[in-house]
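Note: the block below is final08.cif and it holds mmCIF, C-alpha atoms.
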```
data_input
#
loop_
_atom_site.label_atom_id
_atom_site.label_comp_id
_atom_site.auth_asym_id
_atom_site.auth_seq_id
_atom_site.Cartn_x
_atom_site.Cartn_y
_atom_site.Cartn_z
CA MET A 229 53.06 -24.55 -28.73
CA ILE A 230 56.66 -25.12 -29.77
CA LEU A 231 57.43 -27.81 -32.36
CA ILE A 232 60.94 -29.23 -32.21
CA LEU A 233 62.13 -31.36 -35.09
CA GLY A 234 64.36 -33.60 -33.03
CA GLY A 235 66.47 -36.70 -32.83
CA THR A 236 69.65 -35.01 -31.60
CA ALA A 237 71.08 -34.50 -28.12
CA GLU A 238 70.61 -30.76 -28.54
CA ALA A 239 66.91 -31.25 -29.35
CA ARG A 240 66.41 -33.28 -26.17
CA GLU A 241 68.27 -30.71 -24.08
CA LEU A 242 66.21 -27.86 -25.55
CA ALA A 243 62.95 -29.72 -24.95
CA GLY A 244 63.96 -30.17 -21.32
CA VAL A 245 64.67 -26.50 -20.64
CA LEU A 246 61.55 -25.33 -22.49
CA VAL A 247 59.26 -27.75 -20.64
CA GLU A 248 60.87 -26.73 -17.36
CA ALA A 249 60.08 -23.11 -18.25
CA GLY A 250 56.41 -24.04 -18.67
CA HIS A 251 56.13 -24.20 -22.45
CA ASP A 252 53.98 -26.66 -24.37
CA VAL A 253 56.55 -28.62 -26.41
CA VAL A 254 56.09 -31.31 -29.02
CA THR A 255 59.18 -33.08 -30.35
CA SER A 256 58.82 -34.82 -33.69
CA LEU A 257 61.02 -37.87 -34.33
CA ALA A 258 61.52 -39.46 -37.73
CA GLY A 259 60.98 -42.98 -36.40
CA ARG A 260 64.11 -44.51 -37.93
CA VAL A 261 65.40 -45.61 -34.51
CA ARG A 262 63.24 -48.20 -32.77
CA GLU A 263 64.10 -47.11 -29.22
CA PRO A 264 65.06 -43.43 -29.37
CA ALA A 265 66.05 -41.46 -26.29
CA GLN A 266 62.87 -39.74 -25.12
CA PRO A 267 62.77 -35.95 -24.69
CA ALA A 268 60.66 -34.04 -22.18
CA GLY A 269 57.20 -32.94 -23.25
CA ARG A 270 55.02 -34.53 -25.89
CA VAL A 271 56.44 -36.72 -28.66
CA ARG A 272 55.17 -37.60 -32.13
CA VAL A 273 56.84 -40.21 -34.33
CA GLY A 274 56.88 -40.46 -38.12
CA GLY A 275 56.91 -38.23 -41.17
CA PHE A 276 54.45 -35.46 -42.01
CA GLY A 277 53.86 -36.28 -45.66
CA GLY A 278 56.13 -33.72 -47.26
CA VAL A 279 55.74 -29.95 -47.29
CA ALA A 280 51.94 -30.04 -47.69
CA GLY A 281 51.50 -32.45 -44.78
CA LEU A 282 53.75 -30.44 -42.50
CA ALA A 283 52.02 -27.19 -43.41
CA ASP A 284 48.66 -28.79 -42.58
CA TYR A 285 50.03 -29.99 -39.24
CA LEU A 286 51.28 -26.50 -38.39
CA ARG A 287 47.86 -25.01 -39.12
CA THR A 288 45.72 -27.62 -37.36
CA SER A 289 47.93 -28.24 -34.31
CA GLY A 290 48.36 -24.62 -33.25
CA VAL A 291 52.14 -24.52 -33.65
CA SER A 292 53.46 -21.07 -32.72
CA VAL A 293 57.17 -21.52 -33.51
CA ILE A 294 59.43 -24.24 -34.93
CA VAL A 295 62.93 -25.28 -33.95
CA ASP A 296 64.63 -27.46 -36.56
CA ALA A 297 67.11 -29.40 -34.44
CA THR A 298 67.48 -32.38 -36.75
CA HIS A 299 70.79 -34.07 -37.52
CA PRO A 300 73.21 -32.01 -39.65
CA PHE A 301 72.79 -34.58 -42.45
CA ALA A 302 68.97 -34.53 -42.47
CA ALA A 303 68.84 -31.93 -45.24
CA GLN A 304 65.54 -33.02 -46.79
CA ILE A 305 63.42 -32.52 -43.69
CA SER A 306 65.05 -29.14 -43.10
CA GLY A 307 64.08 -28.09 -46.62
CA ASN A 308 60.51 -29.18 -45.98
CA VAL A 309 60.43 -27.29 -42.68
CA GLY A 310 61.55 -24.07 -44.34
CA ALA A 311 58.96 -24.35 -47.11
CA ALA A 312 56.11 -25.22 -44.74
CA ALA A 313 57.06 -22.42 -42.35
CA GLU A 314 57.01 -19.92 -45.21
CA GLN A 315 53.62 -21.14 -46.41
CA THR A 316 52.06 -20.82 -42.96
CA GLY A 317 53.94 -17.78 -41.68
CA THR A 318 55.36 -19.76 -38.77
CA PRO A 319 58.66 -18.48 -37.28
CA VAL A 320 61.43 -21.07 -37.59
CA ILE A 321 65.02 -21.32 -36.46
CA ARG A 322 67.69 -23.91 -37.13
CA LEU A 323 69.61 -25.28 -34.12
CA GLU A 324 72.74 -26.89 -35.49
CA ARG A 325 75.81 -27.92 -33.55
CA PRO A 326 79.09 -26.55 -34.94
CA GLY A 327 80.93 -28.87 -37.30
CA TRP A 328 84.52 -29.99 -37.02
CA ALA A 329 85.95 -27.84 -39.81
CA HIS A 330 87.58 -25.56 -37.22
CA HIS A 331 89.13 -28.39 -35.22
CA PRO A 332 92.87 -27.69 -34.74
CA ARG A 333 93.72 -30.86 -36.71
CA ALA A 334 91.04 -30.56 -39.40
CA GLY A 335 93.56 -29.51 -42.02
CA SER A 336 95.26 -32.90 -41.88
CA TRP A 337 92.06 -34.86 -42.53
CA ALA A 338 90.67 -35.89 -45.92
CA TRP A 339 87.32 -34.18 -46.53
CA VAL A 340 84.94 -35.80 -49.03
CA ARG A 341 81.38 -35.18 -50.21
CA SER A 342 79.76 -38.59 -49.89
CA ALA A 343 80.05 -42.13 -48.57
CA ASP A 344 81.07 -43.26 -52.06
CA ASP A 345 83.92 -40.76 -52.04
CA ALA A 346 84.92 -41.92 -48.56
CA ARG A 347 85.09 -45.54 -49.74
CA SER A 348 87.29 -44.51 -52.66
CA ALA A 349 89.57 -42.53 -50.34
CA GLY A 350 89.94 -45.53 -48.03
CA GLU A 351 90.60 -48.27 -50.59
CA HIS A 352 94.11 -48.83 -49.23
CA SER A 353 92.84 -49.55 -45.70
CA THR A 354 92.68 -53.08 -44.30
CA ARG A 355 91.21 -52.35 -40.84
CA PRO A 356 88.83 -49.37 -41.17
CA PHE A 357 86.57 -48.02 -38.44
CA LEU A 358 83.21 -46.81 -39.80
CA THR A 359 81.04 -44.41 -37.79
CA THR A 360 78.93 -43.13 -40.67
CA GLY A 361 75.56 -44.50 -39.52
CA ARG A 362 73.76 -47.69 -40.49
CA GLN A 363 72.06 -46.16 -43.54
CA SER A 364 75.40 -45.67 -45.31
CA LEU A 365 76.91 -49.07 -44.47
CA GLU A 366 75.73 -50.61 -47.72
CA THR A 367 78.17 -48.34 -49.52
CA PHE A 368 81.03 -50.23 -47.87
CA LEU A 369 79.82 -53.81 -48.45
CA ALA A 370 82.46 -54.19 -51.16
CA TRP A 371 84.93 -54.33 -48.27
CA SER A 372 83.80 -57.83 -47.34
CA ASP A 373 87.41 -58.99 -47.51
CA ARG A 374 88.57 -56.53 -44.86
CA THR A 375 88.48 -56.46 -41.09
CA VAL A 376 85.94 -53.69 -40.68
CA LEU A 377 84.78 -52.27 -37.36
CA ALA A 378 81.47 -50.43 -37.68
CA ARG A 379 79.62 -48.66 -34.87
CA VAL A 380 75.88 -47.98 -35.14
CA VAL A 381 73.00 -47.10 -32.85
CA GLU A 382 70.92 -49.94 -34.33
CA LEU A 383 71.83 -52.88 -36.53
CA PRO A 384 71.28 -52.48 -40.29
CA ALA A 385 68.57 -54.40 -42.13
CA PHE A 386 71.13 -56.59 -43.93
CA PRO A 387 73.61 -59.06 -42.43
CA PRO A 388 77.17 -57.72 -42.35
CA PRO A 389 80.05 -59.64 -43.96
CA GLU A 390 81.64 -62.26 -41.72
CA SER A 391 84.86 -60.28 -41.50
CA TRP A 392 83.05 -57.29 -39.99
CA THR A 393 82.49 -56.46 -36.32
CA LEU A 394 79.40 -54.37 -35.54
CA LEU A 395 79.14 -52.45 -32.28
CA THR A 396 75.76 -51.10 -31.22
CA SER A 397 75.99 -48.15 -28.85
CA ARG A 398 75.06 -44.52 -28.40
CA GLY A 399 77.44 -41.71 -27.42
CA PRO A 400 78.88 -39.76 -25.76
CA TYR A 401 82.24 -41.54 -25.86
CA SER A 402 85.33 -40.72 -23.82
CA TYR A 403 88.80 -40.22 -25.25
CA ALA A 404 90.16 -43.13 -23.20
CA ASP A 405 87.50 -45.54 -24.48
CA GLU A 406 87.93 -44.46 -28.10
CA HIS A 407 91.72 -44.77 -27.85
CA GLN A 408 91.46 -48.23 -26.32
CA LEU A 409 88.92 -49.37 -28.93
CA MET A 410 91.11 -48.35 -31.86
CA VAL A 411 94.21 -49.92 -30.37
CA ARG A 412 92.38 -53.18 -29.62
CA HIS A 413 91.05 -53.46 -33.18
CA ARG A 414 94.29 -52.20 -34.75
CA ILE A 415 92.43 -49.57 -36.75
CA ASP A 416 94.30 -47.96 -39.65
CA LEU A 417 91.53 -45.65 -40.94
CA LEU A 418 88.61 -43.75 -39.38
CA ILE A 419 85.69 -42.77 -41.63
CA THR A 420 83.02 -40.59 -40.09
CA LYS A 421 80.53 -37.85 -40.88
CA ASP A 422 80.96 -34.22 -39.87
CA SER A 423 78.26 -34.60 -37.23
CA GLY A 424 79.99 -32.05 -35.03
CA GLY A 425 79.43 -31.41 -31.35
CA ARG A 426 81.14 -32.75 -28.28
CA HIS A 427 79.35 -36.09 -27.88
CA THR A 428 81.33 -37.99 -30.53
CA ALA A 429 84.42 -35.82 -31.04
CA ALA A 430 86.74 -37.90 -28.85
CA LYS A 431 87.33 -40.42 -31.66
CA LEU A 432 88.96 -37.71 -33.77
CA ASP A 433 91.53 -36.82 -31.12
CA ALA A 434 92.18 -40.48 -30.30
CA ALA A 435 92.69 -41.37 -33.96
CA ALA A 436 94.94 -38.38 -34.56
CA ASP A 437 97.10 -39.19 -31.53
CA LEU A 438 97.45 -42.78 -32.78
CA GLY A 439 98.50 -41.62 -36.25
CA ILE A 440 95.37 -43.09 -37.83
CA GLU A 441 94.21 -41.59 -41.12
CA ILE A 442 90.88 -39.75 -40.89
CA VAL A 443 88.31 -39.28 -43.66
CA ILE A 444 85.41 -36.92 -42.99
CA ILE A 445 82.18 -36.84 -45.01
CA ALA A 446 81.26 -33.14 -45.21
CA ARG A 447 77.82 -31.86 -44.36
CA PRO A 448 75.30 -31.34 -47.16
CA ALA A 449 74.62 -27.76 -48.19
CA ARG A 450 71.40 -26.42 -46.73
CA GLU A 451 69.51 -23.14 -46.75
CA ALA A 452 68.44 -21.56 -43.48
CA ASP A 453 67.72 -17.90 -42.82
CA SER A 454 68.26 -18.13 -39.06
CA VAL A 455 70.74 -20.48 -37.40
CA VAL A 456 71.91 -20.78 -33.79
CA THR A 457 74.49 -23.18 -32.45
CA THR A 458 73.60 -23.53 -28.77
CA VAL A 459 70.57 -24.57 -26.75
CA ALA A 460 70.72 -21.29 -24.82
CA GLU A 461 70.43 -19.30 -28.05
CA ALA A 462 67.53 -21.43 -29.26
CA ARG A 463 65.69 -21.05 -25.96
CA ALA A 464 66.16 -17.25 -26.03
CA TRP A 465 64.91 -17.12 -29.64
CA CYS A 466 61.79 -19.10 -28.67
CA ASP A 467 61.03 -16.65 -25.85
CA VAL A 468 61.32 -13.66 -28.18
CA ALA A 469 59.36 -15.28 -31.02
CA LEU A 470 56.53 -16.39 -28.73
CA SER A 471 56.33 -12.95 -27.15
CA ARG A 472 56.11 -11.29 -30.54
CA ARG A 473 53.31 -13.61 -31.61
CA ALA A 474 51.47 -12.84 -28.39
CA GLY A 475 52.06 -9.10 -28.82
CA ARG A 476 53.95 -8.59 -25.55
CA PRO A 477 57.54 -7.68 -24.60
CA PRO A 478 59.83 -10.73 -24.31
CA ALA A 479 60.51 -11.95 -20.79
CA ARG A 480 64.07 -11.97 -19.50
CA THR A 481 65.52 -15.45 -19.27
CA ARG A 482 68.19 -16.69 -16.90
CA ASP A 483 71.45 -18.00 -18.27
CA LEU A 484 71.47 -21.74 -18.88
#
```

Let me see the file written as structure tokens.
Amino acid sequence: MILILGGTAEARELAGVLVEAGHDVVTSLAGRVREPAQPAGRVRVGGFGGVAGLADYLRTSGVSVIVDATHPFAAQISGNVGAAAEQTGTPVIRLERPGWAHHPRAGSWAWVRSADDARSAGEHSTRPFLTTGRQSLETFLAWSDRTVLARVVELPAFPPPESWTLLTSRGPYSYADEHQLMVRHRIDLLITKDSGGRHTAAKLDAAADLGIEIVIIARPAREADSVVTTVAEARAWCDVALSRRAGRPPARTRDL
């Protein structure tokens, strides 16, 4: 059995290829999104109860290997996964999409450590575009006097200020749509997280081409002994790890 800590597009893609290959896959979702996109295989929703609860789940559910494919900003669950894997001797790998630090224009962006720092960096803005996720929107409520555009997957638990416009949608987004959106709302500042990947990168190029200032909230530091950046690498690692646990040579896998 393969346990995927999911919630990302990469986690869903990996679950699909592993199920297609005949593996027993369980994807665990945090449950913060009411209607998440469903991956292939089995799905469980909700927390484990910290390191002890996760370790107990690994022992009692027959988990052979773990793929931590959670969001780049979900540092706490990744820490719990590493500790529980060590306690139970379960092989684990981190599947994390590359960040945007190596983007050709990254040097011209303002990089900050937190949502609070991002708000401070954007105090001069009058028409900001926020794509930092609904959980961080409270940080920006002081901007109730500004024409804020915020995009979220689901609405926050609190009502937004009257001057705000909230868009609910899920990527990927095209360059043309992002460009048109920012022009229509006359955006003068983009604040986003370094989520990385190709699904939401178009906004960066659109904003840069429009001369819009960009503020990026950097990823939290995390510890991981083994990290891969593609679904193909994660699938190959699973094949090798499962073969080792079964005491047989790893099977050759076709290119994805």

Report as JSON, numbers by chain all protein, DNA and RNA residues lying within 7 Å of stretch 316-331 of chain A, evaluated on all atoms listed in the file, omitting residues in the same chain fewer than 6 positions from it. {"A": [283, 292, 293, 294, 295, 296, 297, 300, 422, 423, 424, 425, 452, 454, 455, 456, 457, 458, 462]}

Between atom CA of A:Arg347 and atom CA of A:Val411 lies a distance of 21.9 Å

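The space between atom CA of A:Gln304 and atom CA of A:Glu351 spans 29.6 Å.
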
I'd like the contact shell of A:Arg341 - 12 Å cut-off, all atoms listed in the file, skipping same-chain residues fewer than 5 positions apart - returned as an NGL selection string. :A and (301 or 346-349 or 420-422 or 443-449)

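If you measure from each of A:Gly290, A:Gly250, A:Pro332, A:Gly235 to A:Gln266 using all atoms listed in the file, the closest one turns out to be A:Gly235.
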
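Minimum atom-to-atom distances from A:Leu395, A:Leu233, A:Ala249, A:Ala243 to A:His413 were compared using only C-alpha atoms, and the lowest value belongs to A:Leu395.
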
To one decimal place, how far is atom CA of A:Val468 from atom CA of A:Ala280 in Å?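 Atom CA of A:Ala280 lies 27.1 Å from atom CA of A:Val468.
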
Contacts of A:Asp373 within 9 Å, all atoms listed in the file, excl. fewer than 6 positions in-chain, as a ChimeraX atom specification: /A:354,389-392

Writing out the chosen residues with C-alpha atoms as a compact mmCIF listing (two decimals), in the coordinates of the input:
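Okay, again_35.txt is ready:
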```
# COMPACT_ATOMS: atom_id res chain seq x y z
CA THR A 354 92.68 -53.08 -44.30
CA PRO A 389 80.05 -59.64 -43.96
CA GLU A 390 81.64 -62.26 -41.72
CA SER A 391 84.86 -60.28 -41.50
CA TRP A 392 83.05 -57.29 -39.99
```

Give me the box for stretch 397-409 of chain A as AutoDock Vina command-line options, namely the centre and edge lengths in Å to one decimal of a box along x, y and z that holds every listed atom plus 6 Å on each side.
```
--center_x 83.4 --center_y -44.6 --center_z -26.1 --size_x 28.7 --size_y 21.6 --size_z 17.7
```

For this file, the PyMOL selection byres ((chain A and resi 361) around 10) selects which residues, as an mmCIF file with C-alpha atoms, in the frame of the given file?
```
data_model
loop_
_atom_site.group_PDB
_atom_site.id
_atom_site.type_symbol
_atom_site.label_atom_id
_atom_site.label_comp_id
_atom_site.auth_asym_id
_atom_site.auth_seq_id
_atom_site.Cartn_x
_atom_site.Cartn_y
_atom_site.Cartn_z
ATOM 1 C CA LEU A 358 83.210 -46.810 -39.800
ATOM 2 C CA THR A 359 81.040 -44.410 -37.790
ATOM 3 C CA THR A 360 78.930 -43.130 -40.670
ATOM 4 C CA ARG A 362 73.760 -47.690 -40.490
ATOM 5 C CA GLN A 363 72.060 -46.160 -43.540
ATOM 6 C CA SER A 364 75.400 -45.670 -45.310
ATOM 7 C CA LEU A 365 76.910 -49.070 -44.470
ATOM 8 C CA ALA A 378 81.470 -50.430 -37.680
ATOM 9 C CA ARG A 379 79.620 -48.660 -34.870
ATOM 10 C CA VAL A 380 75.880 -47.980 -35.140
ATOM 11 C CA VAL A 381 73.000 -47.100 -32.850
ATOM 12 C CA GLU A 382 70.920 -49.940 -34.330
ATOM 13 C CA LEU A 383 71.830 -52.880 -36.530
ATOM 14 C CA PRO A 384 71.280 -52.480 -40.290
ATOM 15 C CA THR A 420 83.020 -40.590 -40.090
ATOM 16 C CA LYS A 421 80.530 -37.850 -40.880
#
```

Neighbouring residues of A:Gly399 were defined as those with any atom within 10 Å, considering only C-alpha atoms; residues of the same chain fewer than 4 positions away were excluded. Please report them as number ranges by chain. A: 237, 381, 426-429

Would you kindly place N, CA and C atoms on stretch 293-304 of chain A and return the model as a PDB file, in the coordinates of the input?
```pdb
ATOM      1  N   VAL A 293      55.806 -21.659 -32.987  1.00  0.00           N
ATOM      2  CA  VAL A 293      57.170 -21.520 -33.510  1.00  0.00           C
ATOM      3  C   VAL A 293      57.751 -22.902 -33.734  1.00  0.00           C
ATOM      4  N   ILE A 294      58.770 -22.976 -34.600  1.00  0.00           N
ATOM      5  CA  ILE A 294      59.430 -24.240 -34.930  1.00  0.00           C
ATOM      6  C   ILE A 294      60.914 -24.118 -34.659  1.00  0.00           C
ATOM      7  N   VAL A 295      61.483 -25.154 -34.055  1.00  0.00           N
ATOM      8  CA  VAL A 295      62.930 -25.280 -33.950  1.00  0.00           C
ATOM      9  C   VAL A 295      63.343 -26.522 -34.718  1.00  0.00           C
ATOM     10  N   ASP A 296      64.104 -26.333 -35.777  1.00  0.00           N
ATOM     11  CA  ASP A 296      64.630 -27.460 -36.560  1.00  0.00           C
ATOM     12  C   ASP A 296      65.959 -27.862 -35.939  1.00  0.00           C
ATOM     13  N   ALA A 297      65.911 -28.907 -35.112  1.00  0.00           N
ATOM     14  CA  ALA A 297      67.110 -29.400 -34.440  1.00  0.00           C
ATOM     15  C   ALA A 297      67.450 -30.804 -34.913  1.00  0.00           C
ATOM     16  N   THR A 298      67.173 -31.081 -36.184  1.00  0.00           N
ATOM     17  CA  THR A 298      67.480 -32.380 -36.750  1.00  0.00           C
ATOM     18  C   THR A 298      68.981 -32.538 -36.967  1.00  0.00           C
ATOM     19  N   HIS A 299      69.374 -33.754 -37.306  1.00  0.00           N
ATOM     20  CA  HIS A 299      70.790 -34.070 -37.520  1.00  0.00           C
ATOM     21  C   HIS A 299      71.349 -33.217 -38.662  1.00  0.00           C
ATOM     22  N   PRO A 300      72.619 -32.830 -38.580  1.00  0.00           N
ATOM     23  CA  PRO A 300      73.210 -32.010 -39.650  1.00  0.00           C
ATOM     24  C   PRO A 300      73.099 -32.624 -41.040  1.00  0.00           C
ATOM     25  N   PHE A 301      72.895 -33.941 -41.138  1.00  0.00           N
ATOM     26  CA  PHE A 301      72.790 -34.580 -42.450  1.00  0.00           C
ATOM     27  C   PHE A 301      71.344 -34.808 -42.890  1.00  0.00           C
ATOM     28  N   ALA A 302      70.384 -34.360 -42.101  1.00  0.00           N
ATOM     29  CA  ALA A 302      68.970 -34.530 -42.470  1.00  0.00           C
ATOM     30  C   ALA A 302      68.508 -33.318 -43.274  1.00  0.00           C
ATOM     31  N   ALA A 303      69.091 -33.146 -44.450  1.00  0.00           N
ATOM     32  CA  ALA A 303      68.840 -31.930 -45.240  1.00  0.00           C
ATOM     33  C   ALA A 303      67.432 -31.885 -45.805  1.00  0.00           C
ATOM     34  N   GLN A 304      66.854 -33.032 -46.151  1.00  0.00           N
ATOM     35  CA  GLN A 304      65.540 -33.020 -46.790  1.00  0.00           C
ATOM     36  C   GLN A 304      64.454 -32.500 -45.855  1.00  0.00           C
TER      37      GLN A 304
END
```
